[in-house]
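Just below is one structure, and these are the notes that go with it.
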Amino acid sequence: MFANYLIGLREGLEASLIVCILVAYLVKTDRRDALKPVWLGVGAAVFVALAFGAGLEFGSQEMTFKAQEALGGSLSIVAVGLVTWMVFWMRRTARHLKTELGDRLETALRTGTAALVVTAFLAVGREGLETSLFVWTAVHATSNGTMEPVAGALLGLATAVLLGWLFYRGALRINLAKFFTWTGAMLVVVAAGVLAYGFHDLQEADFIGGLNNLAFDISGTIAPDGWLGTLLKGVLNFQPDPTVLQVVVWLVYLVPTLALFFAPPGLLSRRGEALRASSSR
């Protein structure tokens with residue numbers, strides 16, 4: 001449940017902050033007349049995100065077991081890719097997000113009402129689609145027959161909306177760069193578990209072999225349906241009897257991704273410039 005709460009909070013807070021920045025910019029520049037098209041774009045983005053999530057859920061119920069596993073595994077990989085890009089992007093732009101959105105909105109104001117709707121729709125819609133996809137795959141990975149994963153995600157989204165409102169009212173001041181850095185790191189750990197479980201789904205769908213080639217089996221010590229097994233699965237997508245492929249995928253993703261995530265911001269660009277300079281000699 002905690003992992004899904006974190007996903008809902010982290011993803012939802014980005015969308016909430018974007019809405020707050022857009023609304024605050026219009027209010028401060030005395031352009032309240034432009035609020036209606038902005039809210040229209042936000043509403044359309046939320047509707048599309050909900051429809052996308054509902055389509056995934058109800059569409060998958062009509063599939064065979066192997067087709068469901070193939071879909072779930074494939075979407076898990078896509079979701080992890082999108083979320084990984086998102087956490088790196090937010091870490092890099094968190095300090096400048098307000099300025100970037102303000103520039104986009106100013107351009108849209110000069111263009112017209114339709115541009116305002118599109119700007120708000122695109123700004124929130126990307127976050128909404130990513131949230132729907134990652135929440136669906138995470139809930140699929142951690143579901144144990146209860147509504148706890150869904151409740152956790154919804155509670156996280158509700159908290160994000162509340163925090164966004166408090167930001168707008170000026171009642172909450174935190175260092176957004178640090179907040180997104182540490183929640184991003186936790187989200188990378190969650191994503192590693194989702195990715196490993198996605199490959200397990202593909203193994204169950206017979207897309208990849210090795211389903212019976214277990215790396216270890218400690219289910220006798222940590223029962224999957226026990227309190228500890230449920231807690232570890234809910235937080236880390238832990239499985240007491242993972243396949244060798246799951247463990248390899250988990251390590252290959254988690255270790256370098258966290259190393260890059262915590263690397264100094266200019267390290268990669270400096271190394272890239274050094275490599276280009278050496279190759280041109």
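Residues are named by chain letter and number: chains run A, B, ... in the order of the structure tokens, numbers start at 1 in each chain, and ligands are numbered from 1 in the order shown.
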
TODO: Extract, using only C-alpha atoms, all DNA, RNA and protein residues at most 10 Å from Ala114 in chain A, discarding same-chain residues fewer than 6 positions from it, and format them as a VMD selection string.
DONE: chain A and resid 37 to 38 41 108

Can those selected residues be exported to a file as a PDB file, in the first residue's frame so that it contains N, CA, C and O atoms?
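part.pdb written:
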```
ATOM      1  N   PRO A  37     -10.569  28.696 -19.625  1.00  0.00           N
ATOM      2  CA  PRO A  37      -9.963  27.753 -20.584  1.00  0.00           C
ATOM      3  C   PRO A  37      -8.871  26.892 -19.961  1.00  0.00           C
ATOM      4  O   PRO A  37      -8.684  25.743 -20.366  1.00  0.00           O
ATOM      5  N   VAL A  38      -8.143  27.430 -18.977  1.00  0.00           N
ATOM      6  CA  VAL A  38      -7.123  26.621 -18.305  1.00  0.00           C
ATOM      7  C   VAL A  38      -7.771  25.465 -17.550  1.00  0.00           C
ATOM      8  O   VAL A  38      -7.340  24.310 -17.642  1.00  0.00           O
ATOM      9  N   GLY A  41      -8.895  22.823 -19.920  1.00  0.00           N
ATOM     10  CA  GLY A  41      -7.798  21.948 -20.332  1.00  0.00           C
ATOM     11  C   GLY A  41      -7.414  20.964 -19.250  1.00  0.00           C
ATOM     12  O   GLY A  41      -7.151  19.784 -19.519  1.00  0.00           O
ATOM     13  N   ALA A 108       0.900  31.255 -24.822  1.00  0.00           N
ATOM     14  CA  ALA A 108      -0.480  30.833 -25.095  1.00  0.00           C
ATOM     15  C   ALA A 108      -1.451  31.995 -24.960  1.00  0.00           C
ATOM     16  O   ALA A 108      -2.421  32.112 -25.717  1.00  0.00           O
TER      17      ALA A 108
END
```

Task: Distance query Gly164 in chain A at most 7 Å, only C-alpha atoms, self and fewer than 6 positions along chain excluded, as a list in words - done: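 Contacts, with the query itself left out: Leu13, Ser16, Leu17 and Cys20 of chain A.
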
Task: Length of the CA of Ala263 in chain A to CA of Thr183 in chain A vector [Å] - done: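 Result for CA of Ala263 in chain A versus CA of Thr183 in chain A: 15.9 Å, one decimal.
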
Task: helix (DSSP H, G or I) per DSSP on the backbone: members of range 71-270 of chain A, as a ChimeraX atom specification - done: /A:71-111,113-142,148-169,176-204,227-236,244-261,267-270

TODO: Determine the nearest neighbour of Ala44 in chain A from the options A:Leu155, A:Val78, A:Val87, A:Val118, counting only C-alpha atoms.
DONE: A:Val118

Compile a residue-level contact table for range 96-215 of chain A against range 47-68 of chain A at a cut-off of 6 Å, reporting for every qualifying residue the shortest atom pair and its distance in Å to one decimal, with only C-alpha atoms counted, rows ordered by chain and ascending number, as a tab-separated table.
```
residue	atom	partner	partner_atom	distance
A:Gly128	CA	A:Ala49	CA	5.1
A:Leu129	CA	A:Ala49	CA	5.0
A:Ser132	CA	A:Gly53	CA	5.2
A:Ala205	CA	A:Lys66	CA	4.5
```

- [ ] Return the single residue from A:Ile222, A:Ala160, A:Leu133, A:Leu260 that is closest to Gly8 in chain A, with distances computed using only C-alpha atoms.
- [x] A:Ala160

Sort by chain and increasing residue number a table of all residues of range 81-120 of chain A within 12 Å of range 191-199 of chain A, each with its closest pair of atoms and their distance in Å to one decimal, counting only C-alpha atoms, and write it as CSV.
```
residue,atom,partner,partner_atom,distance
A:Gly81,CA,A:Ala191,CA,8.9
A:Leu82,CA,A:Ala191,CA,10.2
A:Val83,CA,A:Ala191,CA,7.8
A:Thr84,CA,A:Ala191,CA,7.9
A:Trp85,CA,A:Ala191,CA,11.6
A:Met86,CA,A:Ala191,CA,11.9
A:Val87,CA,A:Ala191,CA,10.9
```

Got time to write the residues from that selection, C-alpha atoms, as a short mmCIF file (atom, residue, chain, number, x, y, z; two decimals), in the first residue's frame?
```
data_model
loop_
_atom_site.label_atom_id
_atom_site.label_comp_id
_atom_site.auth_asym_id
_atom_site.auth_seq_id
_atom_site.Cartn_x
_atom_site.Cartn_y
_atom_site.Cartn_z
CA GLY A 81 10.71 3.74 -18.78
CA LEU A 82 8.36 6.74 -18.61
CA VAL A 83 8.67 7.13 -14.85
CA THR A 84 12.47 6.88 -15.00
CA TRP A 85 12.56 9.66 -17.59
CA MET A 86 10.13 11.67 -15.48
CA VAL A 87 12.12 11.51 -12.22
#
```

Asp201 in chain A surroundings by only C-alpha atoms, 10 Å radius, close-in-sequence under 6 positions cut, as a PDB file with N, CA, C and O atoms, in the first residue's frame:
```
ATOM      1  N   LYS A  66      -2.922 -15.613 -20.249  1.00  0.00           N
ATOM      2  CA  LYS A  66      -1.617 -15.326 -20.847  1.00  0.00           C
ATOM      3  C   LYS A  66      -1.599 -13.961 -21.519  1.00  0.00           C
ATOM      4  O   LYS A  66      -0.587 -13.245 -21.478  1.00  0.00           O
ATOM      5  N   ALA A  67      -2.711 -13.589 -22.126  1.00  0.00           N
ATOM      6  CA  ALA A  67      -2.783 -12.268 -22.749  1.00  0.00           C
ATOM      7  C   ALA A  67      -2.716 -11.165 -21.692  1.00  0.00           C
ATOM      8  O   ALA A  67      -2.071 -10.127 -21.894  1.00  0.00           O
ATOM      9  N   GLN A  68      -3.374 -11.387 -20.549  1.00  0.00           N
ATOM     10  CA  GLN A  68      -3.311 -10.426 -19.453  1.00  0.00           C
ATOM     11  C   GLN A  68      -1.883 -10.266 -18.946  1.00  0.00           C
ATOM     12  O   GLN A  68      -1.415  -9.153 -18.702  1.00  0.00           O
ATOM     13  N   GLU A  69      -1.203 -11.404 -18.787  1.00  0.00           N
ATOM     14  CA  GLU A  69       0.177 -11.348 -18.305  1.00  0.00           C
ATOM     15  C   GLU A  69       1.090 -10.662 -19.310  1.00  0.00           C
ATOM     16  O   GLU A  69       1.982  -9.891 -18.939  1.00  0.00           O
ATOM     17  N   ALA A  70       0.873 -10.923 -20.589  1.00  0.00           N
ATOM     18  CA  ALA A  70       1.681 -10.281 -21.627  1.00  0.00           C
ATOM     19  C   ALA A  70       1.449  -8.774 -21.637  1.00  0.00           C
ATOM     20  O   ALA A  70       2.399  -7.983 -21.746  1.00  0.00           O
ATOM     21  N   LEU A  71       0.177  -8.366 -21.509  1.00  0.00           N
ATOM     22  CA  LEU A  71      -0.140  -6.944 -21.475  1.00  0.00           C
ATOM     23  C   LEU A  71       0.453  -6.282 -20.236  1.00  0.00           C
ATOM     24  O   LEU A  71       1.085  -5.218 -20.322  1.00  0.00           O
ATOM     25  N   GLY A  72       0.238  -6.920 -19.087  1.00  0.00           N
ATOM     26  CA  GLY A  72       0.751  -6.359 -17.846  1.00  0.00           C
ATOM     27  C   GLY A  72       2.266  -6.235 -17.856  1.00  0.00           C
ATOM     28  O   GLY A  72       2.821  -5.214 -17.435  1.00  0.00           O
ATOM     29  N   GLY A  73       2.952  -7.265 -18.349  1.00  0.00           N
ATOM     30  CA  GLY A  73       4.408  -7.226 -18.406  1.00  0.00           C
ATOM     31  C   GLY A  73       4.912  -6.148 -19.353  1.00  0.00           C
ATOM     32  O   GLY A  73       5.843  -5.400 -19.024  1.00  0.00           O
ATOM     33  N   SER A  74       4.309  -6.056 -20.513  1.00  0.00           N
ATOM     34  CA  SER A  74       4.732  -5.054 -21.502  1.00  0.00           C
ATOM     35  C   SER A  74       4.505  -3.640 -20.989  1.00  0.00           C
ATOM     36  O   SER A  74       5.382  -2.766 -21.104  1.00  0.00           O
ATOM     37  N   SER A  76       4.269  -2.712 -17.899  1.00  0.00           N
ATOM     38  CA  SER A  76       5.161  -2.457 -16.768  1.00  0.00           C
ATOM     39  C   SER A  76       6.489  -1.904 -17.258  1.00  0.00           C
ATOM     40  O   SER A  76       7.041  -0.952 -16.689  1.00  0.00           O
ATOM     41  N   ALA A 141       0.929  -5.375 -10.015  1.00  0.00           N
ATOM     42  CA  ALA A 141       2.066  -6.117  -9.470  1.00  0.00           C
ATOM     43  C   ALA A 141       1.897  -6.442  -7.994  1.00  0.00           C
ATOM     44  O   ALA A 141       2.354  -7.493  -7.522  1.00  0.00           O
ATOM     45  N   LEU A 195       9.411  -3.363 -12.568  1.00  0.00           N
ATOM     46  CA  LEU A 195      10.082  -3.878 -13.759  1.00  0.00           C
ATOM     47  C   LEU A 195      10.354  -5.380 -13.625  1.00  0.00           C
ATOM     48  O   LEU A 195      10.111  -6.146 -14.565  1.00  0.00           O
ATOM     49  N   PHE A 207       6.395 -15.628 -23.033  1.00  0.00           N
ATOM     50  CA  PHE A 207       7.152 -14.784 -23.948  1.00  0.00           C
ATOM     51  C   PHE A 207       8.645 -14.938 -23.693  1.00  0.00           C
ATOM     52  O   PHE A 207       9.462 -14.782 -24.598  1.00  0.00           O
ATOM     53  N   ILE A 208       8.995 -15.211 -22.435  1.00  0.00           N
ATOM     54  CA  ILE A 208      10.383 -15.388 -22.010  1.00  0.00           C
ATOM     55  C   ILE A 208      10.450 -16.661 -21.181  1.00  0.00           C
ATOM     56  O   ILE A 208       9.537 -16.952 -20.403  1.00  0.00           O
ATOM     57  N   LEU A 211      10.814 -19.520 -16.205  1.00  0.00           N
ATOM     58  CA  LEU A 211       9.828 -19.315 -15.147  1.00  0.00           C
ATOM     59  C   LEU A 211      10.114 -20.191 -13.928  1.00  0.00           C
ATOM     60  O   LEU A 211       9.882 -19.782 -12.792  1.00  0.00           O
TER      61      LEU A 211
END
```

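From CA of Pro224 in chain A back to CA of Ala158 in chain A, the distance works out to 29.2 Å.
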
Task: Computed interatomic separation between CA of Val189 in chain A and CA of Val247 in chain A (Å) - done: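 So the two atoms, CA of Val189 in chain A and CA of Val247 in chain A, lie 13.3 Å apart.
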
TODO: Excluding Asn212 in chain A and any residue of its chain fewer than 6 positions from it, enumerate the residues within 12 Å of it, using only C-alpha atoms, and give them as an NGL selection string.
DONE: :A and (200 or 203-204 or 206 or 241-246)
